[in-house]
>>> print(open('query-v1.txt').read())   # compact mmCIF, C-alpha atoms
# COMPACT_ATOMS: atom_id res chain seq x y z
CA GLN S 1 -3.07 0.05 -18.58
CA VAL S 2 -2.63 -1.24 -15.04
CA GLN S 3 -5.61 -2.28 -12.95
CA LEU S 4 -5.39 -2.66 -9.19
CA VAL S 5 -7.95 -4.29 -6.91
CA GLU S 6 -7.60 -4.09 -3.13
CA SER S 7 -9.15 -6.47 -0.62
CA GLY S 8 -8.86 -7.37 3.03
CA GLY S 9 -10.23 -4.28 4.71
CA GLY S 10 -12.76 -4.43 7.51
CA LEU S 11 -13.53 -3.67 11.13
CA VAL S 12 -11.05 -4.65 13.82
CA GLN S 13 -10.48 -3.79 17.45
CA ALA S 14 -7.49 -1.77 18.55
CA GLY S 15 -4.45 -3.99 18.89
CA GLY S 16 -5.68 -6.35 16.22
CA SER S 17 -4.31 -7.18 12.79
CA LEU S 18 -5.41 -7.10 9.18
CA ARG S 19 -3.71 -8.00 5.93
CA LEU S 20 -4.55 -6.03 2.85
CA SER S 21 -3.98 -7.45 -0.61
CA CYS S 22 -3.77 -5.73 -3.95
CA ALA S 23 -3.98 -7.76 -7.12
CA ALA S 24 -2.57 -6.11 -10.21
CA SER S 25 -2.91 -6.68 -13.92
CA GLY S 26 -0.05 -6.23 -16.30
CA ARG S 27 2.55 -8.46 -17.84
CA THR S 28 5.40 -6.47 -16.33
CA PHE S 29 4.16 -6.46 -12.74
CA SER S 30 7.56 -7.59 -11.52
CA SER S 31 9.04 -4.24 -12.61
CA TYR S 32 6.45 -2.08 -10.82
CA THR S 33 7.18 0.08 -7.84
CA LEU S 34 4.19 -0.37 -5.51
CA GLY S 35 2.82 1.68 -2.67
CA TRP S 36 0.08 1.84 -0.09
CA PHE S 37 -1.55 5.12 0.85
CA ARG S 38 -4.48 6.03 3.07
CA GLN S 39 -7.00 8.81 3.30
CA THR S 40 -9.56 10.03 5.81
CA PRO S 41 -12.39 12.47 5.05
CA GLY S 42 -11.21 16.03 4.68
CA LYS S 43 -7.54 15.12 4.62
CA GLU S 44 -5.02 14.59 1.88
CA ARG S 45 -4.00 11.10 0.88
CA GLU S 46 -0.94 10.12 2.85
CA PHE S 47 1.89 7.70 2.25
CA VAL S 48 1.96 4.47 4.26
CA ALA S 49 4.49 2.12 2.69
CA ALA S 50 6.21 1.32 -0.60
CA ILE S 51 8.33 -1.41 -2.13
CA THR S 52 10.62 -1.61 -5.12
CA TRP S 53 10.25 -4.03 -8.01
CA SER S 54 12.54 -6.62 -6.48
CA GLY S 55 11.29 -6.19 -2.95
CA GLY S 56 14.82 -5.32 -1.98
CA SER S 57 13.93 -1.86 -0.74
CA THR S 58 10.95 -0.87 1.34
CA TYR S 59 10.00 2.32 3.06
CA ASN S 60 7.41 2.96 5.76
CA ALA S 61 5.90 6.13 7.11
CA ASP S 62 7.05 6.95 10.63
CA SER S 63 3.51 6.51 11.90
CA VAL S 64 3.46 2.81 10.95
CA LYS S 65 7.07 1.74 11.46
CA GLY S 66 7.34 -1.41 13.50
CA ARG S 67 3.65 -2.20 12.97
CA PHE S 68 3.05 -2.43 9.21
CA THR S 69 4.97 -4.52 6.68
CA ILE S 70 4.73 -4.27 2.91
CA SER S 71 5.63 -7.26 0.77
CA ARG S 72 5.03 -8.55 -2.72
CA ASP S 73 4.64 -11.82 -4.57
CA ASN S 74 5.57 -11.27 -8.20
CA ALA S 75 4.40 -14.75 -9.14
CA LYS S 76 0.90 -13.81 -7.99
CA ASN S 77 0.99 -10.18 -9.17
CA THR S 78 0.05 -9.17 -5.65
CA VAL S 79 1.28 -6.73 -3.06
CA TYR S 80 0.38 -7.02 0.61
CA LEU S 81 0.21 -4.77 3.63
CA GLN S 82 0.36 -6.62 6.93
CA MET S 83 -0.98 -4.35 9.64
CA ASN S 84 -0.38 -5.25 13.27
CA SER S 85 -1.05 -3.44 16.54
CA LEU S 86 -3.71 -1.38 14.84
CA LYS S 87 -4.77 1.90 16.40
CA PRO S 88 -7.98 3.92 15.96
CA GLU S 89 -5.95 6.55 14.12
CA ASP S 90 -5.18 3.95 11.43
CA THR S 91 -8.84 4.13 10.40
CA ALA S 92 -8.94 5.21 6.75
CA VAL S 93 -9.55 4.11 3.20
CA TYR S 94 -6.40 2.34 2.07
CA TYR S 95 -5.29 2.57 -1.55
CA CYS S 96 -2.84 0.53 -3.55
CA ALA S 97 -0.79 2.40 -6.14
CA ALA S 98 1.58 1.40 -8.92
CA ASP S 99 4.42 3.05 -10.79
CA PRO S 100 5.27 0.94 -13.85
CA LEU S 101 8.84 2.23 -13.87
CA PRO S 102 11.34 0.24 -11.82
CA LYS S 103 12.98 2.45 -9.24
CA LYS S 104 15.96 1.96 -7.04
CA TYR S 105 14.14 3.66 -4.19
CA PRO S 106 10.35 3.87 -3.83
CA SER S 107 8.68 7.24 -3.81
CA THR S 108 6.41 8.52 -1.05
CA ALA S 109 4.68 11.04 -3.29
CA THR S 110 1.21 10.35 -4.67
CA THR S 111 2.15 12.14 -7.88
CA MET S 112 4.72 9.48 -8.71
CA TYR S 113 2.07 6.74 -8.95
CA PRO S 114 -0.12 6.97 -12.05
CA TYR S 115 -2.27 3.93 -11.26
CA TRP S 116 -4.58 3.51 -8.27
CA GLY S 117 -7.03 0.98 -6.92
CA GLN S 118 -10.52 1.80 -5.73
CA GLY S 119 -9.60 1.61 -2.06
CA THR S 120 -10.62 -0.58 0.86
CA GLN S 121 -11.99 0.66 4.18
CA VAL S 122 -10.15 -0.14 7.38
CA THR S 123 -11.89 0.75 10.63
CA VAL S 124 -10.20 0.30 14.00
CA SER S 125 -12.46 0.54 17.02
CA SER S 126 -11.19 1.60 20.44
>>> encode(input="query-v1.txt", output="structure tokens")
Amino acid sequence: QVQLVESGGGLVQAGGSLRLSCAASGRTFSSYTLGWFRQTPGKEREFVAAITWSGGSTYNADSVKGRFTISRDNAKNTVYLQMNSLKPEDTAVYYCAADPLPKKYPSTATTMYPYWGQGTQVTVSS
């Protein structure tokens, strides 16, 4: 069983920055494929960013390219999402997700991640 706990959400003005963290349990964290997703009321959960087990391959949604960066620290069992130049449309609940299987390329599909955190709210004011 993998447990994920997000932190770092909050209220920020447009143009500001936040860094989300997701601490994971599991002795084989270094083999996990990890992703960040977000969801707003009435909409489906959407892909934001993902990273492979080694950190050698990352993928970002077009809407966040050049602004968000995903990274991981396997020694701390933690994955991060650095969010810069935030926009009001980035307002959402952000979720961390884990796929225990090491992948050459990270998936953007929610169905490929069996483990999820509880989410952290990010609100960007205009």
>>> atom_distance(input="query-v1.txt", atom1="atom CA of S:Gln13", atom2="atom CA of S:Ser126")
6.2 Å
>>> residues_near_point(input="query-v1.txt", point="(1.2, 11.8, -7.0)", cutoff="12 Å", atoms="all atoms listed in the file", output="JSON, numbers by chain")
{"S": [35, 37, 44, 45, 46, 47, 97, 98, 99, 107, 108, 109, 110, 111, 112, 113, 114, 115, 116]}
>>> residues_around(input="query-v1.txt", residues="S:Tyr105", least_positions_apart="2", cutoff="12 Å", atoms="only C-alpha atoms", output="PDB file with C-alpha atoms, keeping the file's coordinate frame")
ATOM      1  CA  TYR S  32       6.450  -2.080 -10.820  1.00  0.00           C
ATOM      2  CA  THR S  33       7.180   0.080  -7.840  1.00  0.00           C
ATOM      3  CA  LEU S  34       4.190  -0.370  -5.510  1.00  0.00           C
ATOM      4  CA  GLY S  35       2.820   1.680  -2.670  1.00  0.00           C
ATOM      5  CA  ALA S  49       4.490   2.120   2.690  1.00  0.00           C
ATOM      6  CA  ALA S  50       6.210   1.320  -0.600  1.00  0.00           C
ATOM      7  CA  ILE S  51       8.330  -1.410  -2.130  1.00  0.00           C
ATOM      8  CA  THR S  52      10.620  -1.610  -5.120  1.00  0.00           C
ATOM      9  CA  TRP S  53      10.250  -4.030  -8.010  1.00  0.00           C
ATOM     10  CA  SER S  54      12.540  -6.620  -6.480  1.00  0.00           C
ATOM     11  CA  GLY S  55      11.290  -6.190  -2.950  1.00  0.00           C
ATOM     12  CA  GLY S  56      14.820  -5.320  -1.980  1.00  0.00           C
ATOM     13  CA  SER S  57      13.930  -1.860  -0.740  1.00  0.00           C
ATOM     14  CA  THR S  58      10.950  -0.870   1.340  1.00  0.00           C
ATOM     15  CA  TYR S  59      10.000   2.320   3.060  1.00  0.00           C
ATOM     16  CA  ASP S  99       4.420   3.050 -10.790  1.00  0.00           C
ATOM     17  CA  LEU S 101       8.840   2.230 -13.870  1.00  0.00           C
ATOM     18  CA  PRO S 102      11.340   0.240 -11.820  1.00  0.00           C
ATOM     19  CA  LYS S 103      12.980   2.450  -9.240  1.00  0.00           C
ATOM     20  CA  SER S 107       8.680   7.240  -3.810  1.00  0.00           C
ATOM     21  CA  THR S 108       6.410   8.520  -1.050  1.00  0.00           C
ATOM     22  CA  MET S 112       4.720   9.480  -8.710  1.00  0.00           C
TER      23      MET S 112
END
>>> closest_residue(input="query-v1.txt", among="S:Thr91, S:Thr69, S:Gln3, S:Asn84", to="S:Gly26", atoms="only C-alpha atoms")
S:Gln3
>>> atom_distance(input="query-v1.txt", atom1="atom CA of S:Ser71", atom2="atom CA of S:Val48")
12.8 Å
>>> closest_residue(input="query-v1.txt", among="S:Pro100, S:Pro88, S:Pro106, S:Gly119", to="S:Ala14", atoms="only C-alpha atoms")
S:Pro88
>>> closest_residue(input="query-v1.txt", among="S:Asp62, S:Lys104, S:Ser30, S:Val93", to="S:Gly8", atoms="all atoms listed in the file")
S:Val93
>>> closest_residue(input="query-v1.txt", among="S:Arg19, S:Val124, S:Val2, S:Ala61", to="S:Gln82", atoms="all atoms listed in the file")
S:Arg19
>>> residues_near_point(input="query-v1.txt", point="(-7.8, -4.0, -0.7)", cutoff="7 Å", atoms="all atoms listed in the file", output="list in words")
Val5, Glu6, Ser7, Gly8, Gly9, Leu20, Ser21, Cys22, Gly119 and Thr120 of chain S
>>> atom_distance(input="query-v1.txt", atom1="atom CA of S:Ala92", atom2="atom CA of S:Phe29")
26.2 Å
>>> build_atoms(input="query-v1.txt", residues="stretch 89-110 of chain S", atoms="N, CA and C atoms", output="CSV table (one decimal), in the frame of the given file")
chain,number,residue,atom,x,y,z
S,89,GLU,N,-6.4,5.5,15.1
S,89,GLU,CA,-6.0,6.6,14.1
S,89,GLU,C,-5.5,5.9,12.8
S,90,ASP,N,-5.5,4.6,12.7
S,90,ASP,CA,-5.2,4.0,11.4
S,90,ASP,C,-6.4,3.8,10.6
S,91,THR,N,-7.6,4.2,11.1
S,91,THR,CA,-8.8,4.1,10.4
S,91,THR,C,-8.8,5.0,9.2
S,92,ALA,N,-9.0,4.5,8.0
S,92,ALA,CA,-8.9,5.2,6.8
S,92,ALA,C,-9.3,4.3,5.6
S,93,VAL,N,-9.5,4.9,4.4
S,93,VAL,CA,-9.6,4.1,3.2
S,93,VAL,C,-8.1,3.9,2.7
S,94,TYR,N,-7.8,2.7,2.5
S,94,TYR,CA,-6.4,2.3,2.1
S,94,TYR,C,-6.4,2.1,0.6
S,95,TYR,N,-5.4,2.7,-0.1
S,95,TYR,CA,-5.3,2.6,-1.6
S,95,TYR,C,-4.0,1.9,-1.9
S,96,CYS,N,-4.0,1.1,-2.9
S,96,CYS,CA,-2.8,0.5,-3.6
S,96,CYS,C,-2.5,1.4,-4.8
S,97,ALA,N,-1.2,1.6,-5.0
S,97,ALA,CA,-0.8,2.4,-6.1
S,97,ALA,C,0.4,1.8,-6.8
S,98,ALA,N,0.5,2.0,-8.1
S,98,ALA,CA,1.6,1.4,-8.9
S,98,ALA,C,2.3,2.4,-9.8
S,99,ASP,N,3.6,2.3,-9.8
S,99,ASP,CA,4.4,3.0,-10.8
S,99,ASP,C,5.1,2.0,-11.7
S,100,PRO,N,4.7,2.0,-13.0
S,100,PRO,CA,5.3,0.9,-13.8
S,100,PRO,C,6.8,1.0,-14.1
S,101,LEU,N,7.4,2.1,-13.7
S,101,LEU,CA,8.8,2.2,-13.9
S,101,LEU,C,9.6,1.6,-12.7
S,102,PRO,N,10.5,0.8,-12.9
S,102,PRO,CA,11.3,0.2,-11.8
S,102,PRO,C,12.2,1.3,-11.2
S,103,LYS,N,12.2,1.4,-9.9
S,103,LYS,CA,13.0,2.4,-9.2
S,103,LYS,C,13.9,1.8,-8.2
S,104,LYS,N,15.0,2.5,-8.0
S,104,LYS,CA,16.0,2.0,-7.0
S,104,LYS,C,15.4,2.2,-5.6
S,105,TYR,N,14.8,3.3,-5.5
S,105,TYR,CA,14.1,3.7,-4.2
S,105,TYR,C,12.7,4.1,-4.4
S,106,PRO,N,11.8,3.5,-3.6
S,106,PRO,CA,10.4,3.9,-3.8
S,106,PRO,C,10.0,5.3,-3.4
S,107,SER,N,9.1,5.9,-4.1
S,107,SER,CA,8.7,7.2,-3.8
S,107,SER,C,7.6,7.3,-2.8
S,108,THR,N,7.5,8.3,-2.0
S,108,THR,CA,6.4,8.5,-1.0
S,108,THR,C,5.4,9.5,-1.6
S,109,ALA,N,5.6,10.0,-2.7
S,109,ALA,CA,4.7,11.0,-3.3
S,109,ALA,C,3.6,10.4,-4.1
S,110,THR,N,2.3,10.9,-3.9
S,110,THR,CA,1.2,10.4,-4.7
S,110,THR,C,1.4,10.6,-6.2
